[in-house]
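Here the structure is laid out as structure tokens; the discussion comes afterwards.
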Amino acid sequence: MQNEEVLKIKDVAALLKVGEKTIYSMSQSGELPAFKVRGQWRFSRKDIDAWIEQQKHTSQDFGEEDQK
């Protein structure tokens, strides 16, 4: 993980343009790749970028499609 950017919840929330509570709950449930440092969530920028790409290629949309 040398020279790899590590993000905090607020950074990921800004990147994905969602609330910090959304990022927290997605981390807790395992929807987002994350790890904890002394009880605080941290995110590898590389893992988040890969997750974003994966979401572009999946038909699963959490909640929206299922409700139609």
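For the structure tokens, the naming scheme is as follows: chains receive sequential letters (A, B, ...) according to their order of presentation, residues are indexed from 1 within each chain, and ligands are indexed from 1 in presentation order.
If you count only C-alpha atoms and ignore residues fewer than 3 places along the chain from Ile9 (chain A), what sits within 8 Å of it is Val12, Ala13, Glu20, Ile23, Tyr24, Trp41, Arg42 and Phe43 of chain A.
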Practice item. As a VMD selection string, please: all residues of chain A that backbone DSSP puts in strand (DSSP E or B). Key: chain A and resid 6 to 7 35 to 37 40 to 44
For the selection just defined, write its residues with N, CA, C and O atoms to a file, as a compact mmCIF listing (two decimals), in the first residue's frame.
```
# COMPACT_ATOMS: atom_id res chain seq x y z
N VAL A 6 -5.34 7.07 1.15
CA VAL A 6 -6.32 6.55 2.09
C VAL A 6 -7.30 7.68 2.39
O VAL A 6 -6.90 8.80 2.71
N LEU A 7 -8.59 7.37 2.26
CA LEU A 7 -9.64 8.38 2.42
C LEU A 7 -10.42 8.16 3.71
O LEU A 7 -10.52 7.04 4.21
N PHE A 35 -11.86 -0.44 5.72
CA PHE A 35 -11.19 -1.05 6.87
C PHE A 35 -11.20 -0.04 8.00
O PHE A 35 -11.45 1.15 7.79
N LYS A 36 -10.98 -0.53 9.20
CA LYS A 36 -11.00 0.34 10.36
C LYS A 36 -9.60 0.54 10.93
O LYS A 36 -8.80 -0.39 10.96
N VAL A 37 -9.34 1.77 11.37
CA VAL A 37 -8.12 2.11 12.09
C VAL A 37 -8.57 2.71 13.42
O VAL A 37 -9.21 3.77 13.43
N GLN A 40 -12.16 3.80 13.42
CA GLN A 40 -12.61 4.77 12.41
C GLN A 40 -12.46 4.17 11.02
O GLN A 40 -11.42 3.59 10.70
N TRP A 41 -13.49 4.35 10.19
CA TRP A 41 -13.47 3.79 8.85
C TRP A 41 -12.48 4.52 7.96
O TRP A 41 -12.38 5.74 7.99
N ARG A 42 -11.76 3.74 7.17
CA ARG A 42 -10.83 4.26 6.17
C ARG A 42 -11.05 3.49 4.87
O ARG A 42 -11.51 2.34 4.88
N PHE A 43 -10.70 4.14 3.77
CA PHE A 43 -10.96 3.60 2.44
C PHE A 43 -9.74 3.79 1.55
O PHE A 43 -9.16 4.87 1.52
N SER A 44 -9.38 2.76 0.84
CA SER A 44 -8.31 2.86 -0.15
C SER A 44 -8.90 3.49 -1.41
O SER A 44 -9.92 3.03 -1.93
```
Check: Where does DSSP see helix (DSSP H, G or I) in chain A, if you list the residues as a PyMOL selection string?
Finding: chain A and resi 9-16+20-29+45-56+65-67
**Prompt:** Hey, what's within 10 Å of Leu32 (chain A) if we count only C-alpha atoms and toss same-chain stuff fewer than 5 positions away? As a ChimeraX atom specification, please?
**Reply:** /A:23-27,43,47-48,51-52
For the selection just defined, write its residues with N, CA, C and O atoms to a file, as an mmCIF file, in the first residue's frame.
```
data_model
loop_
_atom_site.group_PDB
_atom_site.id
_atom_site.type_symbol
_atom_site.label_atom_id
_atom_site.label_comp_id
_atom_site.auth_asym_id
_atom_site.auth_seq_id
_atom_site.Cartn_x
_atom_site.Cartn_y
_atom_site.Cartn_z
ATOM 1 N N ILE A 23 -22.366 6.640 3.619
ATOM 2 C CA ILE A 23 -21.069 5.961 3.516
ATOM 3 C C ILE A 23 -20.834 5.090 4.742
ATOM 4 O O ILE A 23 -20.378 3.950 4.632
ATOM 5 N N TYR A 24 -21.168 5.605 5.915
ATOM 6 C CA TYR A 24 -20.998 4.839 7.153
ATOM 7 C C TYR A 24 -21.818 3.554 7.103
ATOM 8 O O TYR A 24 -21.305 2.465 7.378
ATOM 9 N N SER A 25 -23.087 3.657 6.727
ATOM 10 C CA SER A 25 -23.931 2.457 6.714
ATOM 11 C C SER A 25 -23.506 1.476 5.629
ATOM 12 O O SER A 25 -23.560 0.258 5.833
ATOM 13 N N MET A 26 -23.048 1.994 4.477
ATOM 14 C CA MET A 26 -22.566 1.100 3.423
ATOM 15 C C MET A 26 -21.290 0.390 3.855
ATOM 16 O O MET A 26 -21.069 -0.767 3.487
ATOM 17 N N SER A 27 -20.472 1.063 4.647
ATOM 18 C CA SER A 27 -19.252 0.439 5.170
ATOM 19 C C SER A 27 -19.594 -0.645 6.178
ATOM 20 O O SER A 27 -19.038 -1.743 6.130
ATOM 21 N N PHE A 43 -10.698 4.139 3.767
ATOM 22 C CA PHE A 43 -10.960 3.598 2.439
ATOM 23 C C PHE A 43 -9.739 3.786 1.554
ATOM 24 O O PHE A 43 -9.163 4.870 1.519
ATOM 25 N N ASP A 47 -9.330 0.991 -4.118
ATOM 26 C CA ASP A 47 -10.484 0.103 -3.928
ATOM 27 C C ASP A 47 -11.798 0.813 -4.250
ATOM 28 O O ASP A 47 -12.701 0.219 -4.841
ATOM 29 N N ILE A 48 -11.898 2.092 -3.869
ATOM 30 C CA ILE A 48 -13.123 2.850 -4.151
ATOM 31 C C ILE A 48 -13.278 3.056 -5.659
ATOM 32 O O ILE A 48 -14.372 2.902 -6.203
ATOM 33 N N TRP A 51 -14.459 -0.124 -7.074
ATOM 34 C CA TRP A 51 -15.864 -0.334 -6.707
ATOM 35 C C TRP A 51 -16.773 0.480 -7.619
ATOM 36 O O TRP A 51 -17.807 -0.010 -8.079
ATOM 37 N N ILE A 52 -16.387 1.725 -7.896
ATOM 38 C CA ILE A 52 -17.179 2.584 -8.788
ATOM 39 C C ILE A 52 -17.283 1.944 -10.168
ATOM 40 O O ILE A 52 -18.375 1.869 -10.747
#
```
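We find CA of Lys46 (chain A) and CA of Leu15 (chain A) to be spaced 12.9 Å apart.
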request  = Quote the spacing between CA of Glu31 (chain A) and CA of Lys8 (chain A) in Å to one decimal place.
outcome  =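 Taking CA of Glu31 (chain A) and CA of Lys8 (chain A), their separation equals 15.9 Å.
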**Q.** Atom-to-atom span, CA of Ala50 (chain A) and CA of Gly19 (chain A), Å
**A.**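 According to the coordinates, CA of Ala50 (chain A) and CA of Gly19 (chain A) are separated by 20.3 Å.
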